[in-house]
>>> print(open('coords.txt').read())   # compact mmCIF, C-alpha atoms
# COMPACT_ATOMS: atom_id res chain seq x y z
CA MET R 1 0.00 0.00 0.00
CA SER R 2 0.94 3.64 -0.46
CA GLU R 3 0.11 6.83 1.39
CA PRO R 4 -3.12 8.44 0.17
CA LEU R 5 -2.65 11.58 -1.91
CA SER R 6 -3.03 15.02 -0.32
CA ASP R 7 -6.35 16.84 -0.66
CA SER R 8 -4.72 19.27 -3.04
CA ALA R 9 -3.43 16.44 -5.27
CA LEU R 10 -6.90 14.82 -5.30
CA ASP R 11 -8.31 18.18 -6.40
CA THR R 12 -5.72 18.45 -9.19
CA ILE R 13 -6.41 15.05 -10.75
CA PHE R 14 -10.15 14.75 -10.03
CA ARG R 15 -12.17 17.16 -7.93
CA THR R 16 -11.39 20.61 -9.30
CA ALA R 17 -9.95 19.50 -12.67
CA ARG R 18 -12.08 20.50 -15.65
CA SER R 19 -12.23 19.86 -19.39
CA TYR R 20 -11.08 23.05 -21.11
CA ASN R 21 -12.33 24.62 -24.32
CA GLY R 22 -9.50 27.18 -24.50
CA TYR R 23 -5.97 27.66 -23.22
CA THR R 24 -3.60 30.42 -22.16
CA ASP R 25 -0.65 31.38 -24.37
CA ARG R 26 1.77 29.42 -22.22
CA ALA R 27 3.67 27.01 -24.46
CA VAL R 28 3.87 23.26 -24.00
CA GLY R 29 7.26 21.78 -24.87
CA GLU R 30 8.09 18.40 -26.36
CA ASP R 31 9.74 17.47 -23.06
CA GLN R 32 6.30 17.75 -21.45
CA LEU R 33 4.76 15.39 -24.02
CA HIS R 34 7.50 12.89 -23.19
CA ALA R 35 6.84 13.41 -19.46
CA ILE R 36 3.12 12.62 -19.95
CA TRP R 37 4.03 9.38 -21.76
CA GLU R 38 6.57 8.45 -19.09
CA LEU R 39 3.72 8.51 -16.54
CA MET R 40 0.81 7.15 -18.55
CA LYS R 41 2.80 4.19 -19.86
CA TRP R 42 2.74 2.66 -16.36
CA GLY R 43 -1.06 2.42 -16.26
CA PRO R 44 -2.22 -1.19 -16.60
CA THR R 45 -3.51 -2.72 -19.84
CA SER R 46 -4.64 -6.29 -20.33
CA ALA R 47 -1.60 -8.53 -21.02
CA ASN R 48 0.44 -5.33 -21.33
CA GLN R 49 -1.10 -4.76 -24.77
CA LEU R 50 -0.35 -1.02 -24.82
CA PRO R 51 -2.45 -0.65 -28.00
CA ALA R 52 -2.67 3.17 -27.91
CA ARG R 53 -0.88 5.10 -30.64
CA LEU R 54 -0.70 8.84 -30.01
CA VAL R 55 -0.17 11.61 -32.52
CA TRP R 56 0.68 14.89 -30.80
CA CYS R 57 -0.17 17.72 -33.23
CA THR R 58 2.04 20.66 -32.31
CA GLY R 59 2.48 22.24 -35.75
CA ASP R 60 -0.08 24.39 -37.56
CA ASP R 61 -0.27 21.99 -40.51
CA ALA R 62 -1.05 18.99 -38.32
CA LYS R 63 -3.67 20.93 -36.33
CA ALA R 64 -5.30 22.11 -39.58
CA LYS R 65 -5.36 18.54 -40.88
CA LEU R 66 -7.08 17.39 -37.69
CA ALA R 67 -9.43 20.39 -37.54
CA ALA R 68 -10.71 19.52 -41.03
CA CYS R 69 -12.04 16.23 -39.59
CA VAL R 70 -13.91 17.55 -36.53
CA SER R 71 -17.34 19.05 -35.85
CA GLU R 72 -17.74 22.79 -36.39
CA THR R 73 -17.92 23.40 -32.62
CA ASN R 74 -14.66 21.58 -32.04
CA ARG R 75 -12.69 23.11 -34.96
CA PRO R 76 -11.54 26.35 -33.26
CA LYS R 77 -10.54 24.42 -30.12
CA ILE R 78 -8.25 22.13 -32.14
CA LEU R 79 -6.70 25.02 -34.07
CA SER R 80 -6.01 27.26 -31.07
CA ALA R 81 -4.79 24.73 -28.48
CA PRO R 82 -1.02 24.50 -27.88
CA VAL R 83 -1.24 20.76 -28.68
CA SER R 84 -4.05 18.63 -30.12
CA VAL R 85 -3.72 14.90 -29.63
CA VAL R 86 -5.15 11.93 -31.54
CA ILE R 87 -5.50 8.91 -29.26
CA ALA R 88 -5.62 5.98 -31.67
CA MET R 89 -5.41 2.19 -31.34
CA ASP R 90 -3.49 -0.49 -33.20
CA VAL R 91 -5.61 -3.59 -33.82
CA GLU R 92 -2.34 -5.35 -34.74
CA PHE R 93 -1.02 -4.76 -31.19
CA HIS R 94 -0.58 -8.53 -30.77
CA GLU R 95 2.49 -8.39 -33.03
CA HIS R 96 4.30 -6.61 -30.16
CA LEU R 97 3.29 -9.09 -27.43
CA PRO R 98 6.36 -11.36 -27.78
CA GLU R 99 8.29 -8.34 -26.49
CA LEU R 100 5.70 -6.73 -24.19
CA PHE R 101 4.41 -9.96 -22.57
CA PRO R 102 7.39 -12.24 -23.06
CA HIS R 103 6.77 -15.07 -20.58
CA THR R 104 4.07 -16.79 -22.65
CA ASN R 105 2.81 -16.88 -26.23
CA ALA R 106 0.15 -14.20 -25.78
CA LYS R 107 0.26 -13.36 -29.48
CA ALA R 108 -1.39 -16.73 -30.16
CA TRP R 109 -4.47 -15.68 -28.11
CA PHE R 110 -5.16 -12.99 -30.70
CA ASP R 111 -3.88 -14.47 -33.99
CA GLY R 112 -6.77 -14.71 -36.43
CA ASN R 113 -9.33 -13.34 -33.96
CA THR R 114 -10.07 -9.88 -35.35
CA GLU R 115 -13.17 -9.41 -33.18
CA LEU R 116 -11.23 -10.03 -29.94
CA ARG R 117 -8.42 -7.76 -31.17
CA ALA R 118 -10.84 -4.93 -32.02
CA ALA R 119 -12.54 -5.10 -28.59
CA SER R 120 -9.21 -5.41 -26.75
CA ALA R 121 -7.63 -2.52 -28.65
CA PHE R 122 -10.69 -0.34 -28.03
CA ARG R 123 -10.90 -1.11 -24.30
CA ASN R 124 -7.20 -0.88 -23.56
CA SER R 125 -6.43 2.20 -25.68
CA THR R 126 -9.35 3.91 -23.92
CA LEU R 127 -7.84 3.03 -20.54
CA GLN R 128 -4.62 4.61 -21.84
CA GLY R 129 -6.61 7.66 -22.96
CA ALA R 130 -7.84 8.10 -19.39
CA TYR R 131 -4.27 7.68 -18.10
CA PHE R 132 -3.26 10.42 -20.57
CA ILE R 133 -5.89 12.79 -19.12
CA ILE R 134 -4.87 12.08 -15.51
CA ALA R 135 -1.12 12.17 -16.25
CA ALA R 136 -1.46 15.58 -17.94
CA ARG R 137 -3.37 16.91 -14.93
CA ALA R 138 -0.82 15.40 -12.53
CA LEU R 139 1.88 17.43 -14.31
CA GLY R 140 -0.10 20.68 -14.00
CA LEU R 141 -1.53 20.62 -17.52
CA ASP R 142 -5.15 20.53 -18.68
CA THR R 143 -6.97 18.64 -21.43
CA GLY R 144 -10.15 18.89 -23.48
CA PRO R 145 -11.19 15.38 -24.62
CA MET R 146 -13.65 15.15 -27.55
CA SER R 147 -15.42 12.49 -29.55
CA GLY R 148 -17.15 14.84 -32.00
CA PHE R 149 -15.12 14.04 -35.12
CA ASP R 150 -15.19 11.94 -38.28
CA GLN R 151 -13.26 8.78 -37.39
CA GLY R 152 -12.85 7.66 -41.00
CA ALA R 153 -11.55 11.08 -42.05
CA VAL R 154 -9.01 11.18 -39.21
CA ASP R 155 -7.83 7.67 -40.05
CA LYS R 156 -7.42 8.63 -43.71
CA ALA R 157 -5.60 11.86 -42.84
CA PHE R 158 -3.24 10.41 -40.23
CA PHE R 159 -3.04 6.63 -40.63
CA ALA R 160 -3.43 5.96 -44.36
CA ASP R 161 -0.16 4.01 -44.33
CA GLN R 162 -1.08 2.04 -41.18
CA PRO R 163 -4.24 0.04 -41.93
CA GLY R 164 -4.31 -1.48 -38.42
CA VAL R 165 -4.46 1.93 -36.70
CA ARG R 166 -7.84 3.60 -36.00
CA SER R 167 -8.63 6.77 -34.09
CA ASN R 168 -10.40 6.39 -30.73
CA PHE R 169 -10.82 9.93 -29.38
CA ILE R 170 -9.07 13.28 -29.59
CA ALA R 171 -8.08 15.89 -27.02
CA THR R 172 -6.60 19.32 -26.71
CA LEU R 173 -3.74 19.95 -24.27
CA GLY R 174 -2.30 23.06 -22.65
CA TYR R 175 -2.68 25.34 -19.65
CA GLY R 176 -6.44 25.81 -19.39
CA ASP R 177 -8.04 29.25 -19.58
CA PRO R 178 -10.57 29.34 -16.71
CA ALA R 179 -12.81 31.63 -18.82
CA SER R 180 -13.28 28.77 -21.32
CA VAL R 181 -15.02 26.26 -19.06
CA TYR R 182 -18.78 25.76 -18.87
CA ASP R 183 -20.84 25.30 -15.73
CA ARG R 184 -20.08 22.03 -14.07
CA LEU R 185 -22.43 19.18 -14.96
CA PRO R 186 -24.14 17.08 -12.26
CA ARG R 187 -22.42 14.02 -10.78
CA PRO R 188 -24.83 11.76 -8.90
CA GLY R 189 -23.96 10.20 -5.54
CA PHE R 190 -22.92 6.60 -5.01
CA ASP R 191 -26.38 5.02 -4.85
CA ARG R 192 -27.44 6.03 -8.36
CA PHE R 193 -24.98 3.94 -10.40
CA ASN R 194 -23.40 1.64 -7.81
CA THR R 195 -24.53 -1.51 -6.01
CA ILE R 196 -22.91 -3.27 -3.07
CA ALA R 197 -23.46 -7.04 -3.29
CA MET Y 1 -3.55 25.34 -14.13
CA SER Y 2 -2.68 23.49 -10.94
CA GLU Y 3 0.52 22.65 -9.15
CA PRO Y 4 2.12 19.42 -10.42
CA LEU Y 5 1.83 16.48 -8.04
CA SER Y 6 4.75 15.53 -5.79
CA ASP Y 7 7.11 12.76 -6.90
CA SER Y 8 5.67 10.52 -4.22
CA ALA Y 9 2.10 11.11 -5.47
CA LEU Y 10 3.18 10.37 -9.07
CA ASP Y 11 4.70 7.12 -7.80
CA THR Y 12 1.47 6.21 -5.99
CA ILE Y 13 -0.86 6.66 -8.96
CA PHE Y 14 1.50 5.60 -11.79
CA ARG Y 15 5.17 4.81 -11.37
CA THR Y 16 5.38 2.34 -8.51
CA ALA Y 17 1.72 1.26 -8.53
CA ARG Y 18 1.17 -2.35 -9.58
CA SER Y 19 -1.69 -4.68 -10.42
CA TYR Y 20 -2.05 -7.11 -7.52
CA ASN Y 21 -2.93 -10.79 -7.55
CA GLY Y 22 -3.40 -10.99 -3.77
CA TYR Y 23 -4.13 -8.74 -0.82
CA THR Y 24 -3.37 -8.42 2.88
CA ASP Y 25 -6.06 -9.14 5.50
CA ARG Y 26 -6.71 -5.43 6.00
CA ALA Y 27 -10.43 -4.81 5.50
CA VAL Y 28 -11.92 -2.35 3.03
CA GLY Y 29 -15.03 -0.58 4.36
CA GLU Y 30 -18.11 0.61 2.47
CA ASP Y 31 -17.06 4.19 3.24
CA GLN Y 32 -13.96 3.56 1.11
CA LEU Y 33 -16.06 2.35 -1.83
CA HIS Y 34 -18.06 5.56 -1.56
CA ALA Y 35 -14.83 7.58 -1.38
CA ILE Y 36 -13.57 5.97 -4.61
CA TRP Y 37 -16.84 6.87 -6.38
CA GLU Y 38 -16.72 10.43 -5.01
CA LEU Y 39 -13.36 10.86 -6.77
CA MET Y 40 -13.88 8.86 -9.96
CA LYS Y 41 -17.24 10.48 -10.72
CA TRP Y 42 -15.41 13.75 -11.56
CA GLY Y 43 -13.43 12.19 -14.42
CA PRO Y 44 -14.73 13.40 -17.79
CA THR Y 45 -17.06 11.36 -20.02
CA SER Y 46 -18.45 12.45 -23.38
CA ALA Y 47 -21.57 14.59 -22.83
CA ASN Y 48 -21.41 13.56 -19.16
CA GLN Y 49 -22.76 10.14 -20.12
CA LEU Y 50 -21.48 8.40 -16.99
CA PRO Y 51 -22.47 5.01 -18.46
CA ALA Y 52 -20.52 2.88 -15.94
CA ARG Y 53 -22.52 0.75 -13.53
CA LEU Y 54 -20.44 -0.78 -10.75
CA VAL Y 55 -21.23 -3.81 -8.63
CA TRP Y 56 -18.95 -4.00 -5.60
CA CYS Y 57 -18.91 -7.63 -4.42
CA THR Y 58 -18.07 -7.58 -0.72
CA GLY Y 59 -20.03 -10.65 0.45
CA ASP Y 60 -18.96 -14.27 -0.01
CA ASP Y 61 -22.08 -15.10 -2.06
CA ALA Y 62 -21.48 -12.30 -4.54
CA LYS Y 63 -17.80 -13.17 -4.88
CA ALA Y 64 -18.69 -16.84 -5.47
CA LYS Y 65 -21.23 -15.82 -8.12
CA LEU Y 66 -18.58 -13.76 -9.90
CA ALA Y 67 -15.85 -16.39 -9.45
CA ALA Y 68 -18.05 -18.94 -11.23
CA CYS Y 69 -17.82 -16.75 -14.39
CA VAL Y 70 -14.06 -16.19 -14.56
CA SER Y 71 -11.06 -18.11 -15.87
CA GLU Y 72 -9.50 -20.71 -13.59
CA THR Y 73 -6.44 -18.50 -13.00
CA ASN Y 74 -8.62 -15.60 -11.91
CA ARG Y 75 -11.02 -17.56 -9.68
CA PRO Y 76 -8.92 -17.62 -6.46
CA LYS Y 77 -8.12 -13.91 -6.86
CA ILE Y 78 -11.83 -13.02 -7.00
CA LEU Y 79 -12.68 -15.23 -4.01
CA SER Y 80 -9.88 -14.04 -1.73
CA ALA Y 81 -9.85 -10.28 -2.43
CA PRO Y 82 -11.53 -8.00 0.14
CA VAL Y 83 -13.70 -6.61 -2.69
CA SER Y 84 -14.23 -7.76 -6.29
CA VAL Y 85 -15.78 -5.22 -8.63
CA VAL Y 86 -17.74 -5.59 -11.87
CA ILE Y 87 -17.33 -2.51 -14.05
CA ALA Y 88 -20.33 -2.64 -16.37
CA MET Y 89 -21.94 -0.24 -18.84
CA ASP Y 90 -25.53 0.80 -19.49
CA VAL Y 91 -26.26 1.10 -23.22
CA GLU Y 92 -29.48 2.91 -22.19
CA PHE Y 93 -27.38 5.68 -20.57
CA HIS Y 94 -29.05 8.25 -22.85
CA GLU Y 95 -32.23 8.02 -20.75
CA HIS Y 96 -30.32 9.86 -18.00
CA LEU Y 97 -28.98 12.68 -20.22
CA PRO Y 98 -31.90 15.09 -19.68
CA GLU Y 99 -30.65 15.24 -16.09
CA LEU Y 100 -26.88 14.76 -16.62
CA PHE Y 101 -26.51 17.06 -19.67
CA PRO Y 102 -29.52 19.35 -19.18
CA HIS Y 103 -28.72 22.34 -21.41
CA THR Y 104 -29.55 20.60 -24.70
CA ASN Y 105 -31.47 17.56 -25.92
CA ALA Y 106 -28.49 15.18 -25.92
CA LYS Y 107 -30.82 12.20 -25.54
CA ALA Y 108 -31.96 12.80 -29.11
CA TRP Y 109 -28.39 12.23 -30.41
CA PHE Y 110 -28.63 8.63 -29.22
CA ASP Y 111 -32.33 7.73 -29.60
CA GLY Y 112 -32.68 4.82 -32.03
CA ASN Y 113 -28.90 4.63 -32.68
CA THR Y 114 -27.91 1.43 -30.90
CA GLU Y 115 -24.51 1.25 -32.60
CA LEU Y 116 -23.51 4.73 -31.40
CA ARG Y 117 -24.83 3.94 -27.92
CA ALA Y 118 -22.85 0.68 -27.73
CA ALA Y 119 -19.58 2.38 -28.79
CA SER Y 120 -20.16 5.37 -26.49
CA ALA Y 121 -21.04 3.18 -23.49
CA PHE Y 122 -17.96 1.02 -24.11
CA ARG Y 123 -15.56 3.97 -24.52
CA ASN Y 124 -16.88 6.05 -21.65
CA SER Y 125 -17.39 3.24 -19.13
CA THR Y 126 -13.80 2.19 -19.87
CA LEU Y 127 -12.59 5.73 -19.14
CA GLN Y 128 -14.50 5.45 -15.85
CA GLY Y 129 -12.84 2.07 -15.23
CA ALA Y 130 -9.45 3.77 -15.51
CA TYR Y 131 -10.62 6.53 -13.17
CA PHE Y 132 -11.63 3.78 -10.72
CA ILE Y 133 -8.11 2.29 -10.83
CA ILE Y 134 -6.42 5.67 -10.32
CA ALA Y 135 -8.90 6.84 -7.66
CA ALA Y 136 -8.35 3.65 -5.65
CA ARG Y 137 -4.59 4.14 -5.83
CA ALA Y 138 -4.92 7.80 -4.90
CA LEU Y 139 -6.69 6.69 -1.70
CA GLY Y 140 -3.91 4.23 -0.82
CA LEU Y 141 -5.69 1.13 -2.14
CA ASP Y 142 -4.64 -1.30 -4.87
CA THR Y 143 -6.49 -3.03 -7.70
CA GLY Y 144 -6.15 -6.07 -9.94
CA PRO Y 145 -8.02 -5.43 -13.22
CA MET Y 146 -8.90 -8.47 -15.36
CA SER Y 147 -10.62 -9.24 -18.62
CA GLY Y 148 -10.36 -13.04 -18.41
CA PHE Y 149 -14.03 -13.84 -17.75
CA ASP Y 150 -17.21 -14.93 -19.52
CA GLN Y 151 -19.05 -11.71 -20.28
CA GLY Y 152 -22.35 -13.41 -21.06
CA ALA Y 153 -22.22 -15.42 -17.82
CA VAL Y 154 -21.50 -12.32 -15.71
CA ASP Y 155 -24.34 -10.45 -17.40
CA LYS Y 156 -26.72 -13.34 -16.73
CA ALA Y 157 -25.57 -13.66 -13.11
CA PHE Y 158 -25.64 -9.95 -12.24
CA PHE Y 159 -27.78 -8.07 -14.77
CA ALA Y 160 -30.53 -10.50 -15.80
CA ASP Y 161 -33.15 -7.89 -14.84
CA GLN Y 162 -31.32 -5.03 -16.64
CA PRO Y 163 -31.11 -5.93 -20.34
CA GLY Y 164 -29.24 -2.68 -21.16
CA VAL Y 165 -26.38 -3.42 -18.77
CA ARG Y 166 -23.33 -5.39 -19.95
CA SER Y 167 -20.09 -6.16 -18.15
CA ASN Y 168 -16.92 -4.42 -19.41
CA PHE Y 169 -14.13 -5.61 -17.13
CA ILE Y 170 -13.66 -6.77 -13.56
CA ALA Y 171 -11.15 -5.93 -10.83
CA THR Y 172 -10.14 -6.93 -7.35
CA LEU Y 173 -9.63 -4.22 -4.70
CA GLY Y 174 -7.80 -4.14 -1.39
CA TYR Y 175 -4.42 -3.48 0.18
CA GLY Y 176 -2.02 -5.25 -2.14
CA ASP Y 177 0.28 -8.01 -0.91
CA PRO Y 178 3.73 -7.24 -2.41
CA ALA Y 179 4.46 -10.98 -2.57
CA SER Y 180 1.62 -11.40 -5.09
CA VAL Y 181 2.99 -9.24 -7.92
CA TYR Y 182 4.88 -10.57 -10.93
CA ASP Y 183 8.00 -9.08 -12.46
CA ARG Y 184 7.27 -5.75 -14.08
CA LEU Y 185 6.57 -5.92 -17.81
CA PRO Y 186 8.40 -3.68 -20.29
CA ARG Y 187 7.14 -0.18 -21.09
CA PRO Y 188 8.72 1.26 -24.23
CA GLY Y 189 9.92 4.85 -24.44
CA PHE Y 190 8.09 7.69 -26.18
CA ASP Y 191 9.31 7.05 -29.71
CA ARG Y 192 7.86 3.57 -30.03
CA PHE Y 193 4.14 4.40 -29.93
CA ASN Y 194 4.07 8.21 -30.20
CA THR Y 195 4.50 10.67 -33.07
CA ILE Y 196 4.92 14.43 -32.92
CA ALA Y 197 3.33 16.11 -35.95
>>> encode(input="coords.txt", output="structure tokens")
Amino acid sequence: MSEPLSDSALDTIFRTARSYNGYTDRAVGEDQLHAIWELMKWGPTSANQLPARLVWCTGDDAKAKLAACVSETNRPKILSAPVSVVIAMDVEFHEHLPELFPHTNAKAWFDGNTELRAASAFRNSTLQGAYFIIAARALGLDTGPMSGFDQGAVDKAFFADQPGVRSNFIATLGYGDPASVYDRLPRPGFDRFNTIA
Amino acid sequence: MSEPLSDSALDTIFRTARSYNGYTDRAVGEDQLHAIWELMKWGPTSANQLPARLVWCTGDDAKAKLAACVSETNRPKILSAPVSVVIAMDVEFHEHLPELFPHTNAKAWFDGNTELRAASAFRNSTLQGAYFIIAARALGLDTGPMSGFDQGAVDKAFFADQPGVRSNFIATLGYGDPASVYDRLPRPGFDRFNTIA
């Protein structure tokens, strides 16, 4: 066991953290993108699949390419954020398992089973997407996750040469501008969506 | 923006945290299950869908019911953990959106679109599953997430009266026994699965 986090740390990663629609001018360096990965990579995935593939759009061309694939509401957010990130998944992740899960032939569990691979890549890259959000917050950054985009268009624009890679969700990243957040949405108490058995 | 977390807090939620196969005898109280929810509920989901439905198995009967649906390797872990949790999803989550996302008719985006609802419930309940893992760690607890189980059997055993609810993944919860962890699996550096564009 570990010591529980301080109240202030719990606020930073959960309680007062928000999804941002706009960011301050403060730059985000490549070293910070590496630092996010160096945290999020430790989050667990089934059989260490690590199926997430991330494209960090820092240049204007890349942001414009991504913005062309998103809903009209999301377009200005993508263009103006310091970094816009595509969280994608590799349905051929099992090719890496001899290295990532070396003590048994885990690749064989997935060979030829495209349905299992699709579900596993979706579930585990989404877990990694959540680790990305929390890792960014833990480093003092903010995110704006979005699913309002054309998945096929993003895949064509970014992964045309990688047929096994498909976009999952996208997010902006930077130092959040408090003026850009909406009113907080309701979060029900334990009894609404939880059961003790 | 917020202050970055301390090195020790980053260790607790990511760097030295592990998935546990066994736990100490230290009990986990219902107040702690509530405390996990009170943190994880703040993690973002698309349009505040909050599709996760959690069943916290604390009693021997519930654990036995769940253990009957899992792989042989996972059975003793489920039976001996202080708490075993089913992280499920409600594909009828859109019925709650008039309350959870009240400023627009978000329910209408999902009415009649079962494919979109299934993908949204899967993605967003998985994000919530990751928030559960991190929230438990942030409170000094440990988890052992698993996907080696019979989804249909779990749904029949736990959600027979809720046809919209389907299991996503399961996890044990408690104070981890260090003797129960395996050697750490490799986590590649940034360049392997990330691209800067």
>>> atom_distance(input="coords.txt", atom1="atom CA of Val91 of chain Y", atom2="atom CA of Gln151 of chain Y")
15.0 Å
>>> atom_distance(input="coords.txt", atom1="atom CA of Ala35 of chain Y", atom2="atom CA of Gly140 of chain Y")
11.4 Å
>>> closest_atom_pairs(input="coords.txt", of="segment 43-149 of chain Y", to="segment 174-190 of chain Y", cutoff="7 Å", atoms="all atoms listed in the file", output="tab-separated table")
residue	atom	partner	partner_atom	distance
Y:Ala81	CA	Y:Gly174	CA	6.6
Y:Pro82	CA	Y:Gly174	CA	5.6
Y:Val83	CA	Y:Gly174	CA	6.5
Y:Leu141	CA	Y:Tyr175	CA	5.3
Y:Asp142	CA	Y:Gly176	CA	5.5
Y:Thr143	CA	Y:Gly174	CA	6.5
>>> atom_distance(input="coords.txt", atom1="atom CA of Asp60 of chain R", atom2="atom CA of Ser125 of chain R")
26.0 Å
>>> closest_residue(input="coords.txt", among="Y:Pro44, Y:Gly164, Y:Gly29, Y:Pro76", to="chain R", atoms="all atoms listed in the file")
Y:Pro44
>>> residues_near_point(input="coords.txt", point="(-8.0, -3.5, -1.0)", cutoff="12 Å", atoms="all atoms listed in the file", output="MDAnalysis selection string")
(chainID R and resid 1:2) or (chainID Y and resid 19:30 32:33 36 56 58 77:78 80:85 133 136:137 139:144 171:177)
>>> closest_residue(input="coords.txt", among="R:Phe14, R:Tyr131, R:Trp109, R:Phe193", to="Ala52 of chain R", atoms="only C-alpha atoms")
R:Tyr131
>>> residues_around(input="coords.txt", residues="Ala135 of chain R", least_positions_apart="6", cutoff="10 Å", atoms="only C-alpha atoms", output="count of residues only")
17
>>> residues_around(input="coords.txt", residues="Cys69 of chain R", least_positions_apart="3", cutoff="6 Å", atoms="only C-alpha atoms", output="list in words")
Leu66, Phe149, Asp150, Ala153 and Val154 of chain R
>>> write_last_selection(input="coords.txt", atoms="C-alpha atoms", output="tab-separated table (two decimals), in the coordinates of the input")
chain	number	residue	atom	x	y	z
R	66	LEU	CA	-7.08	17.39	-37.69
R	149	PHE	CA	-15.12	14.04	-35.12
R	150	ASP	CA	-15.19	11.94	-38.28
R	153	ALA	CA	-11.55	11.08	-42.05
R	154	VAL	CA	-9.01	11.18	-39.21
>>> residues_near_point(input="coords.txt", point="(-12.1, 13.8, -40.1)", cutoff="12 Å", atoms="only C-alpha atoms", output="PyMOL selection string")
chain R and resi 63-72+74-75+86+147-159+166-167+169-170
>>> closest_residue(input="coords.txt", among="Y:Cys57, Y:Ile87, Y:Pro51, Y:Glu99", to="chain R", atoms="all atoms listed in the file")
Y:Cys57
>>> closest_residue(input="coords.txt", among="Y:Ile134, Y:Ile196, Y:Ala88, Y:Ala17", to="chain R", atoms="all atoms listed in the file")
Y:Ile196
>>> closest_residue(input="coords.txt", among="R:Leu50, R:Ala121, R:Ala130, R:Ala160", to="chain Y", atoms="only C-alpha atoms")
R:Ala130
